[in-house]
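Here's start-v8.cif, which has mmCIF, C-alpha atoms and all ligand atoms:
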```cif
data_upload
loop_
_atom_site.label_atom_id
_atom_site.label_comp_id
_atom_site.auth_asym_id
_atom_site.auth_seq_id
_atom_site.Cartn_x
_atom_site.Cartn_y
_atom_site.Cartn_z
CA MET A 474 1.60 -3.16 41.01
CA ILE A 475 3.42 -4.67 38.01
CA VAL A 476 1.82 -4.79 34.54
CA ILE A 477 3.08 -6.08 31.19
CA GLY A 478 1.96 -4.29 28.02
CA ILE A 479 2.00 -5.74 24.51
CA GLU A 480 1.83 -3.67 21.30
CA THR A 481 1.36 -5.21 17.84
CA SER A 482 -1.06 -2.88 16.03
CA CYS A 483 1.24 -1.66 13.25
CA ASP A 484 4.86 -2.49 12.40
CA GLU A 485 6.43 -2.63 15.87
CA THR A 486 6.37 -5.80 17.96
CA ALA A 487 6.77 -4.47 21.49
CA ALA A 488 6.46 -5.53 25.12
CA ALA A 489 7.18 -3.58 28.31
CA VAL A 490 6.89 -4.01 32.05
CA VAL A 491 5.81 -0.94 34.04
CA SER A 492 5.08 -0.44 37.75
CA GLY A 493 1.98 1.20 39.20
CA GLU A 494 4.12 4.21 40.18
CA GLY A 495 5.16 4.66 36.54
CA GLU A 496 8.62 3.13 36.66
CA ILE A 497 9.50 1.58 33.28
CA LEU A 498 11.20 -1.70 34.23
CA SER A 499 11.71 -2.75 30.60
CA ASN A 500 10.67 -1.45 27.18
CA VAL A 501 11.51 -3.71 24.23
CA VAL A 502 10.63 -2.60 20.69
CA LEU A 503 11.35 -4.57 17.53
CA SER A 504 10.71 -2.49 14.40
CA GLN A 505 9.91 -4.39 11.22
CA PHE A 506 11.66 -1.86 8.94
CA GLU A 507 13.59 -4.55 7.08
CA GLN A 508 10.46 -6.57 6.31
CA HIS A 509 8.55 -3.57 4.88
CA ARG A 510 11.37 -1.56 3.26
CA PRO A 511 11.14 -3.38 -0.12
CA PHE A 512 7.49 -2.25 -0.36
CA GLY A 513 8.06 1.35 0.84
CA GLY A 514 5.25 0.97 3.38
CA VAL A 515 3.68 -1.41 5.88
CA VAL A 516 2.15 -4.54 4.32
CA PRO A 517 -0.52 -5.83 6.74
CA GLU A 518 -0.06 -9.53 5.97
CA VAL A 519 3.74 -9.30 6.28
CA ALA A 520 3.32 -7.40 9.58
CA ALA A 521 0.94 -9.98 11.05
CA ARG A 522 3.28 -12.86 10.23
CA ALA A 523 6.27 -11.03 11.69
CA HIS A 524 4.35 -10.25 14.92
CA LEU A 525 3.46 -13.94 15.21
CA GLU A 526 7.08 -14.96 14.75
CA PHE A 527 8.58 -12.49 17.22
CA VAL A 528 6.01 -11.75 19.93
CA ASP A 529 6.93 -14.64 22.27
CA GLY A 530 10.62 -13.71 22.25
CA ILE A 531 9.88 -10.02 22.78
CA VAL A 532 7.63 -10.82 25.76
CA ARG A 533 10.38 -13.06 27.18
CA ASP A 534 12.98 -10.27 26.70
CA ALA A 535 10.72 -7.72 28.41
CA MET A 536 10.20 -10.03 31.42
CA ASP A 537 13.91 -10.89 31.65
CA GLN A 538 15.08 -7.28 31.35
CA ALA A 539 12.61 -6.28 34.08
CA GLY A 540 13.93 -9.11 36.26
CA LYS A 541 10.36 -10.39 36.78
CA THR A 542 8.50 -13.66 36.27
CA PHE A 543 4.86 -14.06 35.21
CA ASP A 544 4.07 -14.73 38.89
CA ASP A 545 5.10 -11.14 39.73
CA LEU A 546 2.48 -9.64 37.38
CA ASP A 547 -0.78 -8.06 38.57
CA ALA A 548 -2.36 -7.60 35.13
CA VAL A 549 -1.75 -8.07 31.41
CA ALA A 550 -2.49 -5.26 28.93
CA ALA A 551 -2.43 -5.40 25.13
CA THR A 552 -3.41 -3.06 22.32
CA GLY A 553 -6.97 -4.11 21.40
CA GLY A 554 -7.19 -1.71 18.44
CA PRO A 555 -7.36 0.36 16.35
CA GLY A 556 -4.82 -0.95 13.88
CA LEU A 557 -3.98 -3.63 11.36
CA ILE A 558 -6.26 -6.39 12.55
CA GLY A 559 -3.93 -9.35 11.92
CA GLY A 560 -1.31 -7.81 14.20
CA VAL A 561 -3.83 -6.76 16.86
CA ILE A 562 -5.13 -10.34 17.01
CA VAL A 563 -1.59 -11.65 17.65
CA GLY A 564 -1.02 -9.28 20.60
CA VAL A 565 -4.47 -9.78 22.11
CA MET A 566 -4.22 -13.59 21.90
CA THR A 567 -0.76 -13.51 23.51
CA ALA A 568 -2.01 -11.34 26.38
CA LYS A 569 -5.12 -13.46 26.86
CA ALA A 570 -2.98 -16.62 27.00
CA ILE A 571 -0.79 -15.16 29.77
CA ALA A 572 -3.87 -13.90 31.64
CA LEU A 573 -5.58 -17.28 31.38
CA ALA A 574 -2.51 -19.31 32.35
CA LYS A 575 -1.70 -17.10 35.36
CA ASN A 576 -5.27 -16.19 36.28
CA LEU A 577 -4.58 -12.47 35.83
CA PRO A 578 -6.87 -9.59 34.83
CA PHE A 579 -6.69 -8.61 31.14
CA VAL A 580 -6.96 -5.03 29.90
CA ALA A 581 -7.62 -4.26 26.22
CA VAL A 582 -6.05 -0.86 25.57
CA ASN A 583 -6.98 1.59 22.83
CA HIS A 584 -3.66 2.30 21.04
CA LEU A 585 -4.60 5.99 20.80
CA GLU A 586 -5.28 6.11 24.54
CA GLY A 587 -1.78 4.69 24.99
CA HIS A 588 -0.36 7.70 23.13
CA ALA A 589 -2.81 10.04 24.89
CA LEU A 590 -1.83 9.02 28.44
CA THR A 591 1.94 8.75 27.88
CA ALA A 592 2.49 12.29 29.17
CA ARG A 593 1.02 11.20 32.51
CA LEU A 594 3.65 8.45 32.69
CA THR A 595 6.56 10.68 31.66
CA ASN A 596 5.56 14.18 32.81
CA LYS A 597 2.93 13.44 35.51
CA VAL A 598 0.48 15.72 33.68
CA ALA A 599 -2.89 16.23 35.41
CA PHE A 600 -6.31 16.18 33.68
CA PRO A 601 -7.61 18.05 31.76
CA TYR A 602 -5.15 18.75 28.96
CA LEU A 603 -5.19 19.41 25.24
CA LEU A 604 -3.68 16.62 23.16
CA LEU A 605 -2.20 16.90 19.68
CA LEU A 606 -1.88 13.33 18.41
CA VAL A 607 0.21 13.12 15.26
CA SER A 608 1.17 9.69 13.95
CA GLY A 609 1.25 7.58 10.82
CA GLY A 610 -2.45 6.83 11.11
CA HIS A 611 -3.86 9.82 12.98
CA SER A 612 -3.83 13.60 13.19
CA GLN A 613 -6.17 14.68 15.97
CA LEU A 614 -6.72 17.43 18.51
CA LEU A 615 -8.52 16.16 21.60
CA ILE A 616 -9.44 17.40 25.04
CA VAL A 617 -8.37 14.72 27.52
CA ARG A 618 -10.72 15.08 30.49
CA GLY A 619 -9.87 11.75 32.12
CA VAL A 620 -9.24 8.09 31.37
CA GLY A 621 -11.73 7.18 28.64
CA ALA A 622 -13.11 10.76 28.53
CA TYR A 623 -12.13 12.52 25.32
CA THR A 624 -13.63 15.34 23.27
CA ARG A 625 -12.38 15.43 19.71
CA LEU A 626 -11.91 18.97 18.42
CA GLY A 627 -10.31 18.09 15.10
CA THR A 628 -9.15 15.24 12.91
CA THR A 629 -7.85 14.83 9.37
CA ILE A 630 -10.30 14.79 6.50
CA ASP A 631 -7.88 12.74 4.38
CA ASP A 632 -4.26 11.65 5.08
CA ALA A 633 -2.57 11.65 8.49
CA VAL A 634 0.47 13.88 8.83
CA GLY A 635 2.84 10.92 9.30
CA GLU A 636 1.41 9.40 6.15
CA ALA A 637 2.16 12.66 4.30
CA PHE A 638 5.76 12.52 5.60
CA ASP A 639 6.06 8.91 4.45
CA LYS A 640 4.52 9.51 1.01
CA SER A 641 6.56 12.67 0.41
CA ALA A 642 9.69 10.73 1.33
CA LYS A 643 8.78 8.13 -1.27
CA ILE A 644 8.25 10.84 -3.94
CA LEU A 645 11.67 12.27 -3.04
CA GLY A 646 13.34 8.85 -3.18
CA LEU A 647 14.19 8.96 0.53
CA ASP A 648 14.55 5.97 2.80
CA TYR A 649 11.72 4.20 4.60
CA PRO A 650 10.36 5.09 7.18
CA GLY A 651 9.89 8.54 5.73
CA GLY A 652 9.45 10.81 8.76
CA PRO A 653 12.99 10.60 10.14
CA ALA A 654 14.42 10.63 6.57
CA VAL A 655 12.52 13.83 5.67
CA GLU A 656 13.65 15.45 8.92
CA ALA A 657 17.30 14.56 8.26
CA ALA A 658 17.12 15.83 4.64
CA ALA A 659 15.33 19.02 5.75
CA LYS A 660 18.25 19.91 8.03
CA LEU A 661 20.35 20.45 4.87
CA GLY A 662 17.67 22.32 2.92
CA ASP A 663 16.17 25.76 2.36
CA ALA A 664 12.55 25.80 3.58
CA THR A 665 11.74 28.94 1.58
CA ARG A 666 12.71 27.59 -1.86
CA PHE A 667 9.39 25.92 -2.69
CA ASP A 668 6.10 27.66 -1.95
CA LEU A 669 3.87 24.78 -0.84
CA PRO A 670 0.20 25.14 0.18
CA ARG A 671 -0.99 25.30 3.82
CA PRO A 672 -4.21 23.23 3.58
CA MET A 673 -7.04 24.26 5.97
CA ARG A 674 -5.16 27.30 7.30
CA GLY A 675 -7.64 30.00 8.27
CA ARG A 676 -10.65 27.68 7.92
CA PRO A 677 -13.20 27.44 10.75
CA GLY A 678 -12.77 24.52 13.16
CA CYS A 679 -9.69 22.44 13.88
CA HIS A 680 -9.64 19.78 11.17
CA PHE A 681 -6.53 18.91 9.18
CA SER A 682 -5.92 17.96 5.56
CA PHE A 683 -2.60 16.70 4.25
CA SER A 684 -3.25 14.97 0.94
CA GLY A 685 -3.10 18.28 -1.00
CA LEU A 686 0.27 19.05 0.53
CA LYS A 687 1.63 15.67 -0.53
CA ALA A 688 0.14 16.18 -4.03
CA ALA A 689 1.85 19.59 -4.22
CA VAL A 690 5.19 17.93 -3.42
CA LYS A 691 4.59 15.53 -6.33
CA ARG A 692 3.52 18.32 -8.72
CA THR A 693 6.49 20.50 -7.81
CA VAL A 694 8.95 17.64 -8.21
CA ASP A 695 7.41 16.70 -11.58
CA ALA A 696 7.72 20.33 -12.77
CA LEU A 697 11.46 20.50 -12.12
CA PRO A 698 13.65 20.17 -15.24
CA PRO A 699 13.69 16.55 -16.43
CA GLY A 700 16.51 14.35 -15.18
CA ASP A 701 17.47 13.21 -11.74
CA LEU A 702 16.49 15.33 -8.77
CA SER A 703 19.66 16.83 -7.33
CA ASP A 704 20.42 16.19 -3.67
CA GLN A 705 19.87 19.88 -3.00
CA ASP A 706 16.42 19.73 -4.67
CA VAL A 707 15.51 16.89 -2.32
CA TYR A 708 16.82 18.72 0.77
CA ASP A 709 14.99 21.95 -0.16
CA MET A 710 11.75 20.09 -0.87
CA ALA A 711 11.97 18.16 2.41
CA ALA A 712 12.54 21.42 4.31
CA SER A 713 9.70 23.20 2.47
CA PHE A 714 7.32 20.31 3.14
CA GLN A 715 8.25 20.09 6.81
CA ALA A 716 7.79 23.85 7.24
CA ALA A 717 4.34 23.71 5.61
CA ALA A 718 3.28 20.79 7.82
CA ALA A 719 4.53 22.53 10.97
CA ASP A 720 2.77 25.77 9.94
CA VAL A 721 -0.66 24.20 9.54
CA ILE A 722 -0.30 22.14 12.70
CA ALA A 723 0.62 25.32 14.61
CA GLU A 724 -2.38 27.24 13.26
CA ARG A 725 -4.84 24.38 13.91
CA THR A 726 -3.40 23.91 17.42
CA ARG A 727 -3.86 27.61 18.23
CA LYS A 728 -7.53 27.29 17.30
CA ALA A 729 -7.86 24.19 19.45
CA ILE A 730 -6.22 25.97 22.39
CA ALA A 731 -8.91 28.67 22.18
CA ALA A 732 -11.66 26.00 22.24
CA PHE A 733 -9.90 24.14 25.07
CA LYS A 734 -9.60 27.28 27.23
CA ASN A 735 -13.26 27.94 26.64
CA GLN A 736 -14.30 24.49 27.83
CA CYS A 737 -11.61 23.93 30.49
CA PRO A 738 -10.55 27.32 31.93
CA ASP A 739 -8.24 25.60 34.45
CA GLY A 740 -6.30 23.57 31.85
CA THR A 741 -2.80 24.83 31.06
CA THR A 742 -1.03 21.94 29.33
CA LEU A 743 -0.60 21.09 25.66
CA VAL A 744 0.58 17.52 25.16
CA VAL A 745 2.01 16.28 21.87
CA ALA A 746 2.12 12.54 21.18
CA GLY A 747 2.49 10.04 18.35
CA GLY A 748 5.42 9.27 16.05
CA VAL A 749 5.52 12.67 14.32
CA ALA A 750 6.02 14.27 17.76
CA ALA A 751 9.62 13.02 17.39
CA ASN A 752 10.13 15.80 14.80
CA GLU A 753 12.34 18.55 16.25
CA THR A 754 11.05 21.33 13.99
CA LEU A 755 7.49 20.52 15.01
CA ARG A 756 8.44 20.43 18.69
CA ALA A 757 10.16 23.82 18.44
CA THR A 758 7.11 25.27 16.66
CA LEU A 759 4.78 23.89 19.33
CA GLU A 760 7.01 25.30 22.10
CA GLN A 761 6.44 28.75 20.58
CA VAL A 762 2.70 28.18 20.18
CA ALA A 763 2.35 27.00 23.79
CA ALA A 764 4.46 29.84 25.21
CA SER A 765 2.51 32.51 23.32
CA GLU A 766 -0.79 31.06 24.58
CA ASP A 767 0.35 30.75 28.23
CA MET A 768 0.35 26.99 28.00
CA THR A 769 3.05 24.49 28.96
CA LEU A 770 4.13 21.97 26.32
CA ALA A 771 4.62 18.41 27.53
CA ALA A 772 6.35 16.19 24.98
CA PRO A 773 7.35 12.65 25.98
CA PRO A 774 10.91 11.51 25.19
CA LEU A 775 11.35 10.45 21.58
CA LYS A 776 11.30 6.70 22.12
CA LEU A 777 8.00 6.97 23.98
CA CYS A 778 6.49 9.10 21.16
CA THR A 779 6.77 6.41 18.52
CA ASP A 780 4.95 3.11 18.98
CA ASN A 781 6.02 1.23 22.11
CA ALA A 782 4.49 -1.02 24.75
CA ALA A 783 5.34 1.05 27.85
CA MET A 784 2.48 3.36 26.85
CA ILE A 785 0.17 0.34 26.56
CA ALA A 786 1.22 -1.00 29.97
CA TRP A 787 0.69 2.47 31.47
CA ALA A 788 -2.77 2.95 29.92
CA GLY A 789 -3.56 -0.56 31.22
CA ILE A 790 -2.43 0.53 34.70
CA GLU A 791 -4.60 3.67 34.58
CA ARG A 792 -7.63 1.54 33.62
CA PHE A 793 -6.80 -1.25 36.09
CA LYS A 794 -6.57 1.30 38.95
CA LEU A 795 -10.13 2.36 38.04
CA GLY A 796 -11.29 -1.27 38.04
CA GLN A 797 -11.76 -1.25 34.26
CA THR A 798 -10.66 -4.67 33.02
CA ASP A 799 -11.92 -6.69 30.07
CA ASP A 800 -12.98 -10.29 29.90
CA LEU A 801 -11.39 -12.84 27.65
CA THR A 802 -14.19 -12.58 25.10
CA PHE A 803 -12.90 -9.14 24.04
CA ALA A 804 -12.78 -8.98 20.23
CA PRO A 805 -9.93 -7.00 18.57
CA ARG A 806 -11.15 -3.79 16.94
CA PRO A 807 -9.83 -2.48 13.59
CA ARG A 808 -11.54 0.87 14.32
CA TRP A 809 -11.87 2.35 17.81
CA PRO A 810 -12.34 6.15 18.03
CA LEU A 811 -11.41 7.87 21.30
CA ASP A 812 -14.49 10.08 21.05
CA PRO A 813 -17.25 7.96 19.53
CA SER A 814 -19.69 10.87 19.74
CA ALA A 815 -17.65 13.09 17.39
CA PRO A 816 -19.35 13.60 14.03
CA SER A 817 -17.44 12.16 11.08
CA ALA A 818 -15.30 14.75 9.35
CA THR A 819 -15.90 15.01 5.64
CA GLY A 820 -13.57 16.39 3.04
CA ALA A 821 -13.52 16.27 -0.72
CA GLY A 822 -15.73 13.21 -0.88
CA VAL A 823 -13.80 11.60 1.96
CA LYS A 824 -15.22 10.44 5.26
CA ALA A 825 -12.84 10.12 8.20
O1 LIG B 901 2.97 6.61 16.38
P1 LIG B 901 3.74 5.90 15.34
O2 LIG B 901 5.04 5.24 15.75
O3 LIG B 901 2.88 4.80 14.64
C1 LIG B 901 1.50 5.00 14.38
O4 LIG B 901 0.69 4.68 15.29
O5 LIG B 901 1.21 5.52 13.28
O6 LIG B 901 4.01 6.94 14.16
C2 LIG B 901 4.71 6.58 13.01
C3 LIG B 901 4.76 7.79 12.09
C4 LIG B 901 5.33 7.48 10.71
O7 LIG B 901 4.51 8.08 9.73
C5 LIG B 901 6.72 8.12 10.76
O8 LIG B 901 7.19 8.52 9.49
C6 LIG B 901 6.45 9.31 11.65
O9 LIG B 901 5.60 8.81 12.67
N1 LIG B 901 7.69 9.84 12.24
C7 LIG B 901 8.16 11.08 12.00
C8 LIG B 901 9.40 11.18 12.68
N2 LIG B 901 9.63 9.99 13.33
C9 LIG B 901 8.57 9.19 13.05
N3 LIG B 901 7.66 12.09 11.27
C10 LIG B 901 8.37 13.23 11.22
N4 LIG B 901 9.56 13.39 11.83
C11 LIG B 901 10.13 12.41 12.57
N5 LIG B 901 11.29 12.58 13.16
ZN ZN B 902 0.97 4.93 17.28
#
```

Output the file's structure in the form of structure tokens.
Amino acid sequence: MIVIGIETSCDETAAAVVSGEGEILSNVVLSQFEQHRPFGGVVPEVAARAHLEFVDGIVRDAMDQAGKTFDDLDAVAATGGPGLIGGVIVGVMTAKAIALAKNLPFVAVNHLEGHALTARLTNKVAFPYLLLLVSGGHSQLLIVRGVGAYTRLGTTIDDAVGEAFDKSAKILGLDYPGGPAVEAAAKLGDATRFDLPRPMRGRPGCHFSFSGLKAAVKRTVDALPPGDLSDQDVYDMAASFQAAAADVIAERTRKAIAAFKNQCPDGTTLVVAGGVAANETLRATLEQVAASEDMTLAAPPLKLCTDNAAMIAWAGIERFKLGQTDDLTFAPRPRWPLDPSAPSATGAGVKA
């Protein structure tokens, strides 16, 4: 079985060809950093136009690098949501066009399910497992019981952790995208210099909150003596922020592990996914958490943690194997929760 996946839900235009056995035949990712850098964040309209300009070439590159033609394909998968709707429409229309022209089944993949199932592609992890999904748009703890079967234990009541990395980077004058820049700066800093809050730590449940942490970074920076922030100030603040984020994620994850063991006594794996899972400090922290709870940590390789289309092709394969395809009337979805039954989490006047 050979499936192409297409990903266009945020600021990466990506296409990949993956086999039914999980061999990645090609994995092409074009990041739109240059287009969004002047704005310090992703601009939806700019992203949609860039996807439209590049998607055909990226699909062609993915097919060429895999050494396949459209006639070799068994199905076409594309991110159907959630995400920036202009971009999602571009990817879905491209996939539908290939499916229609070649009379192939089409699978609309939930982007979050792509992240959620990546560890089955890379680490052959069996169901059920506990998933920590940490990206620019999401911070969630979910029990993954099977394809399409998720129980959400926790989510963020305000910002996502990746968003907090990106916004803190902006406050510190670091490069865009912020996550890798904060991590690089933190390597040179003292994580104990600034005493930042640990939002939600010790609270019941498994929800996250990150906007207070970002606000504390801003307050602390503003309180430093007037004048330019020194490089060392920036490094120390980046390290202190990263330590605070890792601390709260560790504590929330421990609580989720307890709930997971309760519901799935046979489960032994903690999977971390999403762009922030590329962070080495977070990975090391989660290794410790997993080891102390008798769990195994499965973390996909870095380039499969951030947005890519191999994860979309693979989630498409998992669904296709179960006979779950979509027809060409599928409408792109700006919102698409993995666990629609989960009650909305409310924070300080915020609904998530
Ligand atoms: O999963 P992803 O590629 O896109 C979304 O679906 O959101 O995640 C992107 C997020 C961004 O917020 C980025 O700053 C963050 O992941 N990120 C990192 C690192 N690499 C990417 N955050 C912390 N440390 C990193 N090394
Ligand atoms: Zn993502």

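One finds atom CA of A:Gln508 at 20.9 Å from atom CA of A:Asp534.
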
Nearby polymer residues, ligand ZN 902 (chain B), at most 6 Å, only C-alpha atoms and all ligand atoms, as a VMD selection string: chain A and resid 608 747 780

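Among the candidate residues A:Ala688, A:Val501, A:Ile562, A:Val721, the one lying nearest to A:Ala804 is A:Ile562, with distances computed using only C-alpha atoms.
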
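Remark: for A:Ala539, the closest of the candidate residues A:Asn583, A:Asn500, A:Ser814, A:Thr779 is A:Asn500 (distances computed over all atoms listed in the file).
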
Nearby polymer residues, ligand LIG 901 (chain B), at most 6 Å, all atoms listed in the file, as a ChimeraX atom specification: /A:608-610,635-636,638-639,650-653,656,747-749,751-752,779-780

Quick one: write out the picked residues with C-alpha atoms as a PDB file, in the coordinates of the input?
```pdb
ATOM      1  CA  SER A 608       1.170   9.690  13.950  1.00  0.00           C
ATOM      2  CA  GLY A 609       1.250   7.580  10.820  1.00  0.00           C
ATOM      3  CA  GLY A 610      -2.450   6.830  11.110  1.00  0.00           C
ATOM      4  CA  GLY A 635       2.840  10.920   9.300  1.00  0.00           C
ATOM      5  CA  GLU A 636       1.410   9.400   6.150  1.00  0.00           C
ATOM      6  CA  PHE A 638       5.760  12.520   5.600  1.00  0.00           C
ATOM      7  CA  ASP A 639       6.060   8.910   4.450  1.00  0.00           C
ATOM      8  CA  PRO A 650      10.360   5.090   7.180  1.00  0.00           C
ATOM      9  CA  GLY A 651       9.890   8.540   5.730  1.00  0.00           C
ATOM     10  CA  GLY A 652       9.450  10.810   8.760  1.00  0.00           C
ATOM     11  CA  PRO A 653      12.990  10.600  10.140  1.00  0.00           C
ATOM     12  CA  GLU A 656      13.650  15.450   8.920  1.00  0.00           C
ATOM     13  CA  GLY A 747       2.490  10.040  18.350  1.00  0.00           C
ATOM     14  CA  GLY A 748       5.420   9.270  16.050  1.00  0.00           C
ATOM     15  CA  VAL A 749       5.520  12.670  14.320  1.00  0.00           C
ATOM     16  CA  ALA A 751       9.620  13.020  17.390  1.00  0.00           C
ATOM     17  CA  ASN A 752      10.130  15.800  14.800  1.00  0.00           C
ATOM     18  CA  THR A 779       6.770   6.410  18.520  1.00  0.00           C
ATOM     19  CA  ASP A 780       4.950   3.110  18.980  1.00  0.00           C
TER      20      ASP A 780
END
```

Can you tell me which residues surround A:His680 at a distance of at most 7 Å, considering all atoms listed in the file, apart from same-chain residues fewer than 4 positions away, and format the answer as a PyMOL selection string? chain A and resi 627-630

File of the preceding selection, C-alpha atoms, as a PDB file, keeping the file's coordinate frame:
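Listing of out23.pdb after writing:
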```
ATOM      1  CA  GLY A 627     -10.310  18.090  15.100  1.00  0.00           C
ATOM      2  CA  THR A 628      -9.150  15.240  12.910  1.00  0.00           C
ATOM      3  CA  THR A 629      -7.850  14.830   9.370  1.00  0.00           C
ATOM      4  CA  ILE A 630     -10.300  14.790   6.500  1.00  0.00           C
TER       5      ILE A 630
END
```

Applying 6 Å and only C-alpha atoms, which residues near A:Ala782 remain after dropping the ones on its own chain fewer than 2 positions away? List them as a PyMOL selection string. chain A and resi 478-480+487-489+784-785

Kindly indicate which residue among A:Ala535, A:Leu669, A:Leu604, A:Ala750 lies nearest to A:Lys776, using only C-alpha atoms for the distances. A:Ala750

Determine, using all atoms listed in the file, which residues of stretch 553-656 of chain A have any atom at most 9 Å from an atom of stretch 731-734 of chain A, and tabulate each with its shortest atom pair and distance in Å to one decimal place, rows ordered by chain and then rising number, as a tab-separated table.
```
residue	atom	partner	partner_atom	distance
A:Tyr602	CA	A:Phe733	CA	8.2
A:Leu603	CA	A:Phe733	CA	6.7
A:Leu615	CA	A:Phe733	CA	8.8
A:Ile616	CA	A:Phe733	CA	6.8
A:Leu626	CA	A:Ala732	CA	8.0
```

From atom CA of A:Gly678 to atom CA of A:Asp739 the spacing works out at 21.8 Å

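Shell of stretch 570-576 of chain A at 8 Å, with all atoms listed in the file counted and residues fewer than 6 places along the chain excluded, is A:Phe543, A:Asp544, A:Ala548, A:Val549.
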
Next, write the just-selected residues to a file, as an mmCIF file, keeping the file's coordinate frame, keeping C-alpha atoms as the atom set.
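again03.cif, freshly written:
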```
data_model
loop_
_atom_site.group_PDB
_atom_site.id
_atom_site.type_symbol
_atom_site.label_atom_id
_atom_site.label_comp_id
_atom_site.auth_asym_id
_atom_site.auth_seq_id
_atom_site.Cartn_x
_atom_site.Cartn_y
_atom_site.Cartn_z
ATOM 1 C CA PHE A 543 4.860 -14.060 35.210
ATOM 2 C CA ASP A 544 4.070 -14.730 38.890
ATOM 3 C CA ALA A 548 -2.360 -7.600 35.130
ATOM 4 C CA VAL A 549 -1.750 -8.070 31.410
#
```

Excluding A:Ser492 and any residue of its chain fewer than 4 positions from it, enumerate the residues within 9 Å of it, using all atoms listed in the file, and give them as a VMD selection string. chain A and resid 474 to 477 496 to 498 786 to 787 790

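Nearest-residue note for A:Pro578: choosing from A:Pro677, A:Pro810, A:Gly740, A:Gly789, the minimum distance belongs to A:Gly789, counting all atoms listed in the file.
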
Residues around (12.8, 19.4, 7.0), cut-off 6 Å, counting all atoms listed in the file - what are they as a CSV table (one decimal) with C-alpha atoms, keeping the file's coordinate frame?
```
chain,number,residue,atom,x,y,z
A,655,VAL,CA,12.5,13.8,5.7
A,656,GLU,CA,13.6,15.4,8.9
A,659,ALA,CA,15.3,19.0,5.8
A,660,LYS,CA,18.2,19.9,8.0
A,711,ALA,CA,12.0,18.2,2.4
A,712,ALA,CA,12.5,21.4,4.3
A,715,GLN,CA,8.2,20.1,6.8
```

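Of the residues listed (A:Gln613, A:Ser817, A:Gln538, A:Thr754), A:Gln613 shows the shortest atom-to-atom separation from A:Arg625; distances use all atoms listed in the file.
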
Go through A:Asp663, A:Asp537, A:Glu760, A:Asp812 and flag the residue nearest A:Gln705, using all atoms listed in the file for the distances. A:Asp663

For A:His584, find every residue with an atom within 8 Å (counting only C-alpha atoms), except residues of its own chain fewer than 6 positions away, and show them as number ranges by chain. A: 482, 552-556, 785

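Interatomic distance, atom CA of A:Ala729 to atom CA of A:Val745: 12.9 Å.
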
Around (-2.8, -11.8, 19.3), as given in the file, which residues come within 12 Å? Count all atoms listed in the file and list them as number ranges by chain. A: 479-482, 486, 521-529, 550-554, 557-571, 581, 803-806

Quick one: write out the picked residues with C-alpha atoms as a compact mmCIF listing (two decimals), in the frame of the given file?
```txt
# COMPACT_ATOMS: atom_id res chain seq x y z
CA ILE A 479 2.00 -5.74 24.51
CA GLU A 480 1.83 -3.67 21.30
CA THR A 481 1.36 -5.21 17.84
CA SER A 482 -1.06 -2.88 16.03
CA THR A 486 6.37 -5.80 17.96
CA ALA A 521 0.94 -9.98 11.05
CA ARG A 522 3.28 -12.86 10.23
CA ALA A 523 6.27 -11.03 11.69
CA HIS A 524 4.35 -10.25 14.92
CA LEU A 525 3.46 -13.94 15.21
CA GLU A 526 7.08 -14.96 14.75
CA PHE A 527 8.58 -12.49 17.22
CA VAL A 528 6.01 -11.75 19.93
CA ASP A 529 6.93 -14.64 22.27
CA ALA A 550 -2.49 -5.26 28.93
CA ALA A 551 -2.43 -5.40 25.13
CA THR A 552 -3.41 -3.06 22.32
CA GLY A 553 -6.97 -4.11 21.40
CA GLY A 554 -7.19 -1.71 18.44
CA LEU A 557 -3.98 -3.63 11.36
CA ILE A 558 -6.26 -6.39 12.55
CA GLY A 559 -3.93 -9.35 11.92
CA GLY A 560 -1.31 -7.81 14.20
CA VAL A 561 -3.83 -6.76 16.86
CA ILE A 562 -5.13 -10.34 17.01
CA VAL A 563 -1.59 -11.65 17.65
CA GLY A 564 -1.02 -9.28 20.60
CA VAL A 565 -4.47 -9.78 22.11
CA MET A 566 -4.22 -13.59 21.90
CA THR A 567 -0.76 -13.51 23.51
CA ALA A 568 -2.01 -11.34 26.38
CA LYS A 569 -5.12 -13.46 26.86
CA ALA A 570 -2.98 -16.62 27.00
CA ILE A 571 -0.79 -15.16 29.77
CA ALA A 581 -7.62 -4.26 26.22
CA PHE A 803 -12.90 -9.14 24.04
CA ALA A 804 -12.78 -8.98 20.23
CA PRO A 805 -9.93 -7.00 18.57
CA ARG A 806 -11.15 -3.79 16.94
```
